[in-house]
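For reference, target11.cif is printed below; it contains mmCIF, C-alpha atoms.
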data_entry
#
loop_
_atom_site.group_PDB
_atom_site.id
_atom_site.type_symbol
_atom_site.label_atom_id
_atom_site.label_comp_id
_atom_site.auth_asym_id
_atom_site.auth_seq_id
_atom_site.Cartn_x
_atom_site.Cartn_y
_atom_site.Cartn_z
ATOM 1 C CA MET A 30 5.935 6.557 11.452
ATOM 2 C CA LYS A 31 3.353 9.126 10.417
ATOM 3 C CA ILE A 32 -0.210 8.141 9.612
ATOM 4 C CA PRO A 33 -1.988 10.576 7.264
ATOM 5 C CA ASN A 34 -4.513 12.795 9.045
ATOM 6 C CA GLY A 35 -7.147 10.237 9.990
ATOM 7 C CA ASP A 36 -7.243 8.874 6.435
ATOM 8 C CA LEU A 37 -7.156 5.299 7.688
ATOM 9 C CA ASP A 38 -10.946 5.540 8.013
ATOM 10 C CA ARG A 39 -11.475 6.450 4.355
ATOM 11 C CA TRP A 40 -9.899 4.994 1.231
ATOM 12 C CA PRO A 41 -9.130 7.057 -1.879
ATOM 13 C CA ASP A 42 -11.499 6.687 -4.828
ATOM 14 C CA PRO A 43 -10.354 4.374 -7.637
ATOM 15 C CA ALA A 44 -8.043 5.968 -10.215
ATOM 16 C CA GLY A 45 -9.719 7.742 -13.103
ATOM 17 C CA ALA A 46 -9.350 6.497 -16.681
ATOM 18 C CA ASN A 47 -6.867 9.274 -17.548
ATOM 19 C CA ALA A 48 -4.748 8.936 -14.390
ATOM 20 C CA ARG A 49 -1.013 8.622 -15.077
ATOM 21 C CA ARG A 50 1.098 5.974 -13.301
ATOM 22 C CA SER A 51 4.032 7.151 -11.183
ATOM 23 C CA VAL A 52 6.959 4.727 -11.011
ATOM 24 C CA PHE A 53 9.477 5.011 -8.189
ATOM 25 C CA ALA A 54 12.496 3.387 -9.846
ATOM 26 C CA GLN A 55 14.554 0.636 -8.247
ATOM 27 C CA ASP A 56 17.489 2.976 -7.498
ATOM 28 C CA LEU A 57 15.243 5.649 -5.921
ATOM 29 C CA VAL A 58 14.991 6.234 -2.158
ATOM 30 C CA ILE A 59 12.209 8.557 -1.005
ATOM 31 C CA GLU A 60 12.332 9.889 2.548
ATOM 32 C CA GLY A 61 8.985 11.524 3.221
ATOM 33 C CA ASP A 62 5.346 11.245 2.248
ATOM 34 C CA ALA A 63 3.933 10.899 -1.277
ATOM 35 C CA THR A 64 0.355 11.434 -2.437
ATOM 36 C CA SER A 65 -0.985 10.898 -5.948
ATOM 37 C CA SER A 66 -4.350 10.952 -7.723
ATOM 38 C CA GLY A 67 -3.030 8.226 -10.039
ATOM 39 C CA PRO A 68 -1.507 4.789 -9.504
ATOM 40 C CA ILE A 69 1.935 4.413 -7.891
ATOM 41 C CA GLU A 70 4.375 1.583 -8.543
ATOM 42 C CA VAL A 71 7.174 1.280 -5.986
ATOM 43 C CA GLN A 72 10.284 -0.454 -7.310
ATOM 44 C CA GLY A 73 12.668 1.359 -4.935
ATOM 45 C CA ASN A 74 12.444 2.320 -1.246
ATOM 46 C CA VAL A 75 9.967 4.644 0.460
ATOM 47 C CA LEU A 76 10.558 5.733 4.057
ATOM 48 C CA GLY A 77 7.292 7.506 4.815
ATOM 49 C CA SER A 78 3.594 7.330 3.961
ATOM 50 C CA LEU A 79 1.976 6.705 0.581
ATOM 51 C CA GLN A 80 -1.553 7.612 -0.456
ATOM 52 C CA ALA A 81 -2.958 6.884 -3.911
ATOM 53 C CA PRO A 82 -5.909 5.111 -5.539
ATOM 54 C CA GLU A 83 -3.729 2.134 -6.547
ATOM 55 C CA ILE A 84 -0.352 1.135 -5.142
ATOM 56 C CA THR A 85 1.828 -1.737 -6.326
ATOM 57 C CA VAL A 86 4.949 -2.639 -4.369
ATOM 58 C CA ALA A 87 7.123 -4.507 -6.877
ATOM 59 C CA GLY A 88 9.385 -7.396 -5.919
ATOM 60 C CA SER A 89 12.308 -4.986 -5.549
ATOM 61 C CA GLY A 90 10.171 -2.430 -3.680
ATOM 62 C CA ARG A 91 10.066 -1.652 0.022
ATOM 63 C CA VAL A 92 7.790 0.697 1.977
ATOM 64 C CA GLU A 93 8.482 1.569 5.607
ATOM 65 C CA GLY A 94 5.539 3.631 6.803
ATOM 66 C CA SER A 95 1.797 3.836 6.243
ATOM 67 C CA VAL A 96 0.017 2.934 3.016
ATOM 68 C CA VAL A 97 -3.499 4.238 2.321
ATOM 69 C CA THR A 98 -5.069 3.145 -0.955
ATOM 70 C CA HIS A 99 -8.095 1.668 -2.654
ATOM 71 C CA ASP A 100 -6.205 -1.233 -4.253
ATOM 72 C CA LEU A 101 -2.879 -2.599 -2.970
ATOM 73 C CA VAL A 102 -0.727 -5.313 -4.539
ATOM 74 C CA VAL A 103 2.419 -6.352 -2.647
ATOM 75 C CA LEU A 104 5.159 -8.406 -4.285
ATOM 76 C CA GLY A 105 7.946 -6.815 -2.206
ATOM 77 C CA ALA A 106 8.057 -5.643 1.415
ATOM 78 C CA VAL A 107 5.861 -3.363 3.537
ATOM 79 C CA SER A 108 6.359 -2.559 7.204
ATOM 80 C CA GLY A 109 4.198 -0.150 9.158
ATOM 81 C CA MET A 110 0.431 0.280 8.677
ATOM 82 C CA ILE A 111 -1.805 -0.601 5.724
ATOM 83 C CA SER A 112 -5.320 0.656 5.053
ATOM 84 C CA ALA A 113 -6.702 -0.547 1.721
ATOM 85 C CA ARG A 114 -10.087 -1.615 0.414
ATOM 86 C CA ASN A 115 -8.568 -4.461 -1.617
ATOM 87 C CA VAL A 116 -5.286 -6.098 -0.597
ATOM 88 C CA GLN A 117 -3.420 -8.741 -2.576
ATOM 89 C CA LEU A 118 -0.270 -10.334 -1.145
ATOM 90 C CA ALA A 119 1.739 -12.269 -3.737
ATOM 91 C CA PRO A 120 3.856 -15.316 -2.811
ATOM 92 C CA SER A 121 6.968 -13.077 -2.605
ATOM 93 C CA ALA A 122 5.336 -10.511 -0.259
ATOM 94 C CA VAL A 123 6.859 -9.818 3.152
ATOM 95 C CA VAL A 124 4.505 -7.693 5.257
ATOM 96 C CA GLN A 125 5.034 -6.600 8.857
ATOM 97 C CA ALA A 126 2.035 -4.357 9.350
ATOM 98 C CA ASP A 127 -1.408 -4.058 10.822
ATOM 99 C CA VAL A 128 -3.847 -4.247 7.900
ATOM 100 C CA ILE A 129 -7.263 -2.585 7.732
ATOM 101 C CA HIS A 130 -9.098 -3.964 4.683
ATOM 102 C CA GLU A 131 -12.431 -4.844 3.137
ATOM 103 C CA ARG A 132 -11.104 -7.718 1.021
ATOM 104 C CA ILE A 133 -7.754 -9.495 1.294
ATOM 105 C CA ALA A 134 -6.103 -12.251 -0.726
ATOM 106 C CA ILE A 135 -2.995 -13.897 0.717
ATOM 107 C CA GLU A 136 -1.279 -16.247 -1.709
ATOM 108 C CA ALA A 137 0.671 -19.287 -0.530
ATOM 109 C CA GLY A 138 4.213 -18.276 0.380
ATOM 110 C CA ALA A 139 3.387 -14.700 1.399
ATOM 111 C CA GLU A 140 4.695 -13.682 4.827
ATOM 112 C CA LEU A 141 2.391 -11.610 7.022
ATOM 113 C CA GLU A 142 3.041 -10.514 10.578
ATOM 114 C CA GLY A 143 0.515 -8.138 12.098
ATOM 115 C CA ARG A 144 -3.160 -7.761 12.896
ATOM 116 C CA LEU A 145 -5.914 -7.955 10.305
ATOM 117 C CA GLN A 146 -9.010 -5.821 10.758
ATOM 118 C CA ARG A 147 -11.872 -6.183 8.302
ATOM 119 C CA LYS A 148 -13.820 -3.010 7.705
ATOM 120 C CA ALA A 149 -17.230 -3.486 6.125
#
Show the structure stored in the file as structure tokens.
Amino acid sequence: MKIPNGDLDRWPDPAGANARRSVFAQDLVIEGDATSSGPIEVQGNVLGSLQAPEITVAGSGRVEGSVVTHDLVVLGAVSGMISARNVQLAPSAVVQADVIHERIAIEAGAELEGRLQRKA
């Protein structure tokens, strides 16, 4: 698992008003790293690292690798490493990752296995 060049210490800025959303469709498998200046919605599978201002892992989505973002919403599955200013784990979330965060919301039913580290 590759962690982007020291970017765990610094989150991307929030997405701009004109930023376009990238959707990784349910039938898509990405092997490698993806970086975007706009929001990313993962409905398929990503085997690698993601970096974007906003990342949503849909119920059908799965990320195996590192996630670096300003705002993260997980409805699906993430395994690896998470660094996000704001983290929201929905009741359907399954996360096996160490999480560096400023704020985190874990809804009833969400599964989380890993270490939490709050960064002020």
| field | Residue contacts of stretch 76-79 of chain A (7 Å, all atoms listed in the file) excluding same-chain residues fewer than 6 positions away, as a list in words | value |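 The residues satisfying every condition are Met30, Lys31, Ile32, Ile59, Glu60, Gly61, Asp62, Ala63, Thr64, Val92, Glu93, Gly94, Ser95, Val96 and Val97 of chain A.
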Next, dump the selected residues to file, keeping only C-alpha atoms, as a short mmCIF file (atom, residue, chain, number, x, y, z; two decimals), in the coordinates of the input.
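Output file out.cif follows:
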data_model
loop_
_atom_site.label_atom_id
_atom_site.label_comp_id
_atom_site.auth_asym_id
_atom_site.auth_seq_id
_atom_site.Cartn_x
_atom_site.Cartn_y
_atom_site.Cartn_z
CA MET A 30 5.94 6.56 11.45
CA LYS A 31 3.35 9.13 10.42
CA ILE A 32 -0.21 8.14 9.61
CA ILE A 59 12.21 8.56 -1.00
CA GLU A 60 12.33 9.89 2.55
CA GLY A 61 8.98 11.52 3.22
CA ASP A 62 5.35 11.24 2.25
CA ALA A 63 3.93 10.90 -1.28
CA THR A 64 0.36 11.43 -2.44
CA VAL A 92 7.79 0.70 1.98
CA GLU A 93 8.48 1.57 5.61
CA GLY A 94 5.54 3.63 6.80
CA SER A 95 1.80 3.84 6.24
CA VAL A 96 0.02 2.93 3.02
CA VAL A 97 -3.50 4.24 2.32
#
| said: Taking the file as I've supplied it (selection: the PyMOL selection byres ((chain A and resi 72) around 12)), which residues are included? Please answer as a list in words. | reply: Ser51, Val52, Phe53, Ala54, Gln55, Asp56, Leu57, Val58, Ile59, Ile69, Glu70, Val71, Gly73, Asn74, Val75, Ile84, Thr85, Val86, Ala87, Gly88, Ser89, Gly90, Arg91, Val92, Val103, Leu104, Gly105 and Ala106 of chain A
| field | A:Leu101, A:Glu83, A:Ala48, A:Pro68 ranked by distance to A:His130, top pick (using all atoms listed in the file) | value |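 That would be A:Leu101, the residue with the smallest distance to A:His130.
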| message | Would you pick out the contacts of A:Asn115 at 7 Å or less, using all atoms listed in the file, so that residues sharing its chain but fewer than 2 positions from it are not included, and give the list as a list in words? | response |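 The neighbour list is His99, Asp100, Leu101, Ala113, Gln117, His130, Glu131, Arg132 and Ile133 of chain A.
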Is it possible to get the axis-aligned box enclosing stretch 76-85 of chain A (all listed atoms, 4 Å extra per side) as JSON, with centre and edge lengths in Å rounded to one decimal?
{"center_x": 2.3, "center_y": 2.9, "center_z": -0.9, "size_x": 24.5, "size_y": 17.3, "size_z": 19.4}
| query | So how far away is atom CA of A:Pro43 from atom CA of A:Gly67, in Å? | reply |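 Atom-to-atom, atom CA of A:Gly67 and atom CA of A:Pro43 are spaced 8.6 Å apart.
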| For A:Ile135, which residue among A:Ala149, A:Val102, A:Ala46, A:Val107 is the nearest when counting all atoms listed in the file? | A:Val102
| task | Using the chain letters and numbering of this document, enumerate as a PyMOL selection string the residues selected by the PyMOL selection byres ((chain A and resi 127) around 10). | result | chain A and resi 95+108-112+124-126+128-130+141-146
| field | For atom CA of A:Gln80 and atom CA of A:Thr98, the interatomic separation in Å (one decimal) | value |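 Calculated distance between atom CA of A:Gln80 and atom CA of A:Thr98 is 5.7 Å.
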